[in-house]
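Shown here: model.cif, mmCIF, C-alpha atoms (C1' of nucleotides).
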data_work
#
loop_
_atom_site.label_atom_id
_atom_site.label_comp_id
_atom_site.auth_asym_id
_atom_site.auth_seq_id
_atom_site.Cartn_x
_atom_site.Cartn_y
_atom_site.Cartn_z
CA MET A 189 96.48 63.15 99.20
CA PRO A 190 98.00 64.87 102.24
CA ALA A 191 97.66 68.63 102.41
CA HIS A 192 101.38 69.20 101.93
CA ALA A 193 101.66 67.08 98.79
CA PRO A 194 101.26 70.03 96.35
CA LEU A 195 104.47 71.58 97.62
CA ARG A 196 106.54 68.66 96.40
CA LEU A 197 104.94 69.11 93.00
CA TYR A 198 105.70 72.84 93.07
CA TYR A 199 109.30 72.00 93.78
CA GLU A 200 109.52 69.68 90.78
CA ARG A 201 107.82 72.22 88.51
CA LEU A 202 110.10 75.05 89.57
CA LEU A 203 113.17 72.87 89.22
CA ALA A 204 112.12 71.88 85.71
CA ALA A 205 111.38 75.49 84.77
CA TYR A 206 114.46 77.22 86.20
CA GLY A 207 117.01 74.47 86.78
CA ALA A 208 119.16 74.04 89.90
CA GLN A 209 119.98 77.41 91.45
CA GLN A 210 123.22 76.38 93.18
CA TRP A 211 122.70 78.67 96.14
CA TRP A 212 123.88 80.61 98.15
CA PRO A 213 125.44 83.14 95.74
CA ALA A 214 128.70 83.69 97.66
CA GLU A 215 132.34 82.66 97.45
CA THR A 216 132.77 81.78 101.12
CA ALA A 217 130.68 80.75 104.10
CA PHE A 218 131.50 84.04 105.78
CA GLU A 219 130.14 85.88 102.79
CA VAL A 220 126.90 83.97 103.30
CA LEU A 221 126.61 85.35 106.83
CA VAL A 222 127.15 88.89 105.65
CA GLY A 223 124.75 88.53 102.73
CA ALA A 224 122.07 86.98 104.95
CA VAL A 225 122.07 90.04 107.19
CA LEU A 226 122.36 92.61 104.41
CA THR A 227 119.52 91.19 102.33
CA GLN A 228 116.92 91.77 105.04
CA ASN A 229 114.07 93.60 103.30
CA THR A 230 116.55 94.67 100.64
CA ALA A 231 117.00 93.95 96.94
CA TRP A 232 119.88 91.57 96.22
CA THR A 233 121.43 93.98 93.71
CA SER A 234 121.92 96.41 96.59
CA VAL A 235 123.55 93.68 98.65
CA GLU A 236 125.96 92.93 95.82
CA ARG A 237 127.12 96.52 95.88
CA SER A 238 127.81 96.36 99.59
CA ILE A 239 129.67 93.07 99.23
CA ALA A 240 131.76 94.61 96.45
CA ASN A 241 132.64 97.52 98.73
CA LEU A 242 133.79 95.14 101.44
CA LYS A 243 135.81 93.05 99.01
CA ALA A 244 137.48 96.12 97.52
CA ALA A 245 138.54 97.16 101.02
CA ASN A 246 139.73 93.62 101.74
CA ALA A 247 137.32 93.65 104.66
CA LEU A 248 135.17 90.62 103.88
CA SER A 249 136.62 88.25 106.43
CA LEU A 250 136.01 87.30 110.03
CA ASP A 251 139.30 88.92 111.00
CA ALA A 252 138.94 92.15 109.06
CA LEU A 253 135.26 93.03 109.31
CA PRO A 254 134.91 93.36 113.10
CA ALA A 255 138.14 95.36 113.19
CA LEU A 256 136.58 98.09 111.05
CA PRO A 257 135.40 101.25 112.78
CA GLU A 258 131.62 101.01 112.82
CA GLU A 259 131.42 104.27 110.92
CA THR A 260 133.51 102.77 108.11
CA LEU A 261 131.46 99.59 108.07
CA ARG A 262 128.29 101.65 107.74
CA THR A 263 129.71 103.41 104.72
CA PHE A 264 130.51 100.11 103.00
CA ILE A 265 127.06 98.63 103.57
CA ARG A 266 125.16 101.85 102.92
CA PRO A 267 123.68 100.59 99.61
CA SER A 268 121.79 97.86 101.51
CA GLY A 269 119.94 100.29 103.75
CA PHE A 270 119.26 100.02 107.51
CA MET A 271 122.99 100.54 107.85
CA GLN A 272 123.03 101.39 111.55
CA ARG A 273 121.20 98.26 112.59
CA LYS A 274 122.94 95.99 110.10
CA ALA A 275 126.43 97.22 110.99
CA ALA A 276 125.82 96.45 114.66
CA THR A 277 124.35 93.05 113.81
CA LEU A 278 127.34 92.12 111.65
CA GLN A 279 129.72 93.09 114.43
CA ALA A 280 127.72 91.07 116.97
CA LEU A 281 127.63 88.07 114.66
CA CYS A 282 131.42 88.13 114.28
CA LEU A 283 131.88 88.54 118.01
CA TRP A 284 129.68 85.51 118.66
CA LEU A 285 131.72 83.35 116.29
CA GLN A 286 135.02 84.48 117.74
CA GLN A 287 134.07 84.16 121.38
CA THR A 288 132.00 80.98 121.18
CA TYR A 289 133.73 79.06 118.40
CA GLN A 290 137.18 80.63 118.20
CA GLY A 291 136.21 82.08 114.86
CA SER A 292 135.70 78.66 113.31
CA LEU A 293 132.53 78.21 111.26
CA SER A 294 133.26 74.49 110.93
CA SER A 295 133.42 74.17 114.72
CA ALA A 296 130.11 75.96 115.00
CA ALA A 297 128.61 73.67 112.38
CA GLU A 298 129.29 70.63 114.59
CA GLN A 299 126.87 71.87 117.23
CA PRO A 300 123.22 70.75 117.36
CA THR A 301 120.83 72.76 115.19
CA PRO A 302 118.53 73.92 118.03
CA LEU A 303 121.48 75.26 120.03
CA LEU A 304 122.88 77.19 117.08
CA ARG A 305 119.45 78.56 116.20
CA ARG A 306 118.90 79.80 119.76
CA GLN A 307 122.31 81.46 119.78
CA LEU A 308 121.69 83.16 116.44
CA LEU A 309 118.23 84.37 117.44
CA ALA A 310 119.73 85.89 120.58
CA ILE A 311 121.75 88.29 118.42
CA ARG A 312 120.06 91.64 117.86
CA GLY A 313 118.98 91.99 114.25
CA ILE A 314 118.89 88.25 113.53
CA GLY A 315 115.39 86.80 113.25
CA PRO A 316 114.15 83.40 112.08
CA GLU A 317 114.79 83.85 108.35
CA THR A 318 118.32 85.16 108.78
CA ALA A 319 119.14 82.49 111.38
CA ASP A 320 117.84 79.71 109.14
CA SER A 321 119.65 81.11 106.10
CA ILE A 322 122.90 80.93 108.05
CA LEU A 323 122.10 77.46 109.38
CA LEU A 324 121.30 76.08 105.94
CA TYR A 325 123.55 77.94 103.54
CA ALA A 326 126.62 78.58 105.71
CA LEU A 327 126.53 75.66 108.14
CA GLY A 328 124.76 72.99 106.08
CA HIS A 329 122.06 72.20 108.62
CA PRO A 330 118.72 70.89 107.31
CA VAL A 331 116.32 73.76 108.05
CA PHE A 332 113.99 75.26 105.48
CA VAL A 333 114.22 79.02 105.01
CA VAL A 334 110.80 80.68 105.01
CA ASP A 335 110.45 84.06 103.34
CA GLU A 336 107.78 86.48 102.21
CA TYR A 337 107.61 84.87 98.78
CA LEU A 338 106.74 81.46 100.21
CA ARG A 339 104.03 83.10 102.27
CA ARG A 340 102.57 84.71 99.13
CA VAL A 341 102.73 81.50 97.11
CA LEU A 342 101.04 79.45 99.83
CA THR A 343 98.44 82.13 100.44
CA ARG A 344 97.58 82.55 96.77
CA HIS A 345 97.26 78.79 96.41
CA ALA A 346 95.06 78.57 99.50
CA LEU A 347 97.56 76.28 101.23
CA ALA A 348 98.05 78.63 104.20
CA GLU A 349 96.49 81.64 105.84
CA ALA A 350 98.15 84.98 105.21
CA ASN A 351 98.92 85.36 108.91
CA ALA A 352 100.31 81.85 109.44
CA SER A 353 103.36 81.74 111.71
CA TYR A 354 106.92 81.33 110.45
CA ASP A 355 107.15 77.96 112.17
CA ALA A 356 103.91 76.75 110.61
CA LEU A 357 105.09 77.61 107.10
CA GLN A 358 108.46 76.03 107.78
CA THR A 359 106.85 72.80 108.91
CA LEU A 360 104.61 72.81 105.84
CA ALA A 361 107.58 73.20 103.50
CA GLU A 362 109.71 70.61 105.27
CA GLN A 363 106.89 68.06 105.19
CA ALA A 364 107.04 68.16 101.41
CA PHE A 365 110.26 66.16 101.71
CA ALA A 366 109.23 63.89 104.57
CA ASN A 367 109.39 60.81 102.35
CA ASP A 368 112.95 61.51 101.25
CA ASN A 369 116.01 60.17 102.99
CA ALA A 370 117.00 62.61 105.74
CA SER A 371 120.50 62.90 104.31
CA THR A 372 119.02 64.66 101.27
CA HIS A 373 116.90 67.19 103.17
CA ALA A 374 119.48 69.96 103.33
CA ALA A 375 120.06 69.81 99.58
CA HIS A 376 116.32 69.87 98.86
CA TYR A 377 115.63 72.73 101.27
CA ASN A 378 118.51 74.60 99.70
CA GLU A 379 117.12 74.27 96.19
CA PHE A 380 113.48 74.77 97.06
CA HIS A 381 114.03 78.04 98.89
CA ALA A 382 116.24 79.32 96.07
CA LEU A 383 113.58 78.37 93.53
CA ILE A 384 110.86 80.08 95.56
CA VAL A 385 112.92 83.25 95.59
CA GLU A 386 113.48 83.01 91.84
CA THR A 387 109.82 82.62 91.00
CA GLY A 388 108.94 85.14 93.69
CA LYS A 389 111.12 87.81 92.12
CA ARG A 390 109.65 87.13 88.71
CA HIS A 391 105.99 86.54 89.44
CA CYS A 392 104.99 86.75 93.08
CA ARG A 393 105.68 90.32 94.07
CA ARG A 394 103.11 92.38 95.89
CA ARG A 395 101.54 92.91 92.52
CA PRO A 396 101.82 89.41 91.16
CA SER A 397 101.95 88.44 87.50
CA CYS A 398 100.84 84.84 87.58
CA ASP A 399 100.37 84.43 83.83
CA LYS A 400 103.92 83.19 83.26
CA CYS A 401 104.53 81.59 86.64
CA PRO A 402 105.40 77.87 86.49
CA LEU A 403 102.88 77.34 89.29
CA GLN A 404 99.97 79.14 87.68
CA GLU A 405 98.28 75.91 86.64
CA PHE A 406 97.87 75.10 90.32
CA LEU A 407 96.13 78.33 91.22
CA PRO A 408 92.64 77.77 92.56
CA GLU A 409 89.96 78.73 89.98
CA ALA A 410 92.62 79.52 87.38
"C1'" DC L 182 107.34 109.99 91.05
"C1'" DG L 183 105.68 106.27 94.03
"C1'" DC L 184 106.22 101.66 95.20
"C1'" DC L 185 108.99 98.05 96.71
"C1'" DA L 186 112.93 94.91 98.27
"C1'" DG L 187 115.32 87.25 99.88
"C1'" DG L 188 113.19 91.29 107.86
"C1'" DC L 189 113.52 92.56 112.48
"C1'" DC L 190 112.45 95.11 116.63
"C1'" DG L 191 110.02 97.96 120.08
"C1'" DT L 192 105.68 99.40 121.43
"C1'" DG L 193 100.80 99.42 122.07
"C1'" DT L 194 96.49 96.94 122.32
"C1'" DA Y 203 99.67 86.70 121.33
"C1'" DC Y 204 99.06 89.85 117.34
"C1'" DA Y 205 99.13 94.43 114.64
"C1'" DC Y 206 101.75 98.27 113.37
"C1'" DG Y 207 105.26 101.84 112.49
"C1'" DG Y 208 110.15 102.70 112.01
"C1'" DC Y 209 114.37 101.55 110.11
"C1'" DA Y 210 117.60 103.64 104.93
"C1'" DT Y 211 118.85 103.16 100.44
"C1'" DG Y 212 118.52 102.36 95.51
"C1'" DG Y 213 116.06 100.13 91.34
"C1'" DC Y 214 112.45 100.32 88.33
#

Serialized structure, structure tokens:
Amino acid sequence: MPAHAPLRLYYERLLAAYGAQQWWPAETAFEVLVGAVLTQNTAWTSVERSIANLKAANALSLDALPALPEETLRTFIRPSGFMQRKAATLQALCLWLQQTYQGSLSSAAEQPTPLLRRQLLAIRGIGPETADSILLYALGHPVFVVDEYLRRVLTRHALAEANASYDALQTLAEQAFANDNASTHAAHYNEFHALIVETGKRHCRRRPSCDKCPLQEFLPEA
DNA sequence: CGCCAGGCCGTGT
DNA sequence: ACACGGCATGGC
């Protein structure tokens, strides 16, 4: 059995336990971009508050958001923390879309994944997880989104070292679906990441409670 | 009250 | 190439 095989089993177990998550929780692709930036090291409930502020001000669009004074934008996203950095990043992200793709997310989506990923990573405040979240959940490209919860799950199950690189964990997760038709990868990556977050929130925090985790039966020496 | 959240960046070794 | 502190606010 190849080393990555357990991950496919984890996926099936989580799907059976929690059902399809139907991610990303947003009404529009643009809202995905905003949420992906705001959720950096931040509880999702805090992000929801910020999104609500933007919606109430009718500012949650590619036209309206970058037109806001940065001071105003900071006020709206205050609940998500790191407001100075995140406000600048949101502005830069909008500017990139407008200047490179005439403000068209669907035009951007037609570009090759590596090009888009490089362009996103070149924006201050956008790292690998945020870039991949945008690629997968806003643009539909097949890239798996690695997060801290996946790192904890893999570490606790002795499938990866705690200091493994982002790229190594991403490859590990994507290999779980290597036998599936490539046209289904994006949908699987979408669900698997969402399920990892769900079980992570419930059971795999810094102080984990593995007793009710759907994956507990796979823990070494459990 | 203290710990933590769906990271990322600049700096120092 | 890594390790580490700072970034900000709100929930529990």

Query raised in the report: Residues picked by the PyMOL selection byres ((chain L and resi 186) around 12) here, as a PyMOL selection string?
Result: (chain A and resi 226-235+268-269+336-337+385+388-389+393-394) or (chain L and resi 184-185+187-188) or (chain Y and resi 210-214)

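When the PyMOL selection byres ((chain Y and resi 206) around 10) is evaluated on the file shown here, the picked residues come out as DT192 and DG193 of chain L; DC204, DA205, DG207 and DG208 of chain Y.
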
**Report entry** Chain and number of each residue from the PyMOL selection byres ((chain A and resi 271) around 10), as number ranges by chain
**Finding:** A: 226, 258-259, 261-270, 272-277; Y: 209-211

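Picture a line from atom CA of A:Ala356 to atom CA of A:Pro396; it runs 23.3 Å.
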
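Taking all atoms listed in the file into account, A:Leu309 lies nearest to A:Ile322 out of the set A:Ile322, A:Cys398, A:Val341, A:Leu256.
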
Quick one: chain Y with C-alpha atoms (C1' of nucleotides), as a PDB file, in the first residue's frame?
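Below you can see part-v2.pdb, which holds the result:
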ATOM      1  C1'  DA Y 203      17.302  27.185   3.996  1.00  0.00           C
ATOM      2  C1'  DC Y 204      14.970  27.414   8.548  1.00  0.00           C
ATOM      3  C1'  DA Y 205      13.334  29.562  13.131  1.00  0.00           C
ATOM      4  C1'  DC Y 206      11.091  33.272  15.218  1.00  0.00           C
ATOM      5  C1'  DG Y 207       8.547  37.492  16.480  1.00  0.00           C
ATOM      6  C1'  DG Y 208       5.160  40.803  14.937  1.00  0.00           C
ATOM      7  C1'  DC Y 209       0.904  41.758  13.013  1.00  0.00           C
ATOM      8  C1'  DA Y 210      -4.903  43.046  15.524  1.00  0.00           C
ATOM      9  C1'  DT Y 211      -9.180  41.653  16.844  1.00  0.00           C
ATOM     10  C1'  DG Y 212     -12.811  38.911  18.920  1.00  0.00           C
ATOM     11  C1'  DG Y 213     -14.659  34.221  20.649  1.00  0.00           C
ATOM     12  C1'  DC Y 214     -14.645  30.999  24.076  1.00  0.00           C
TER      13       DC Y 214
END
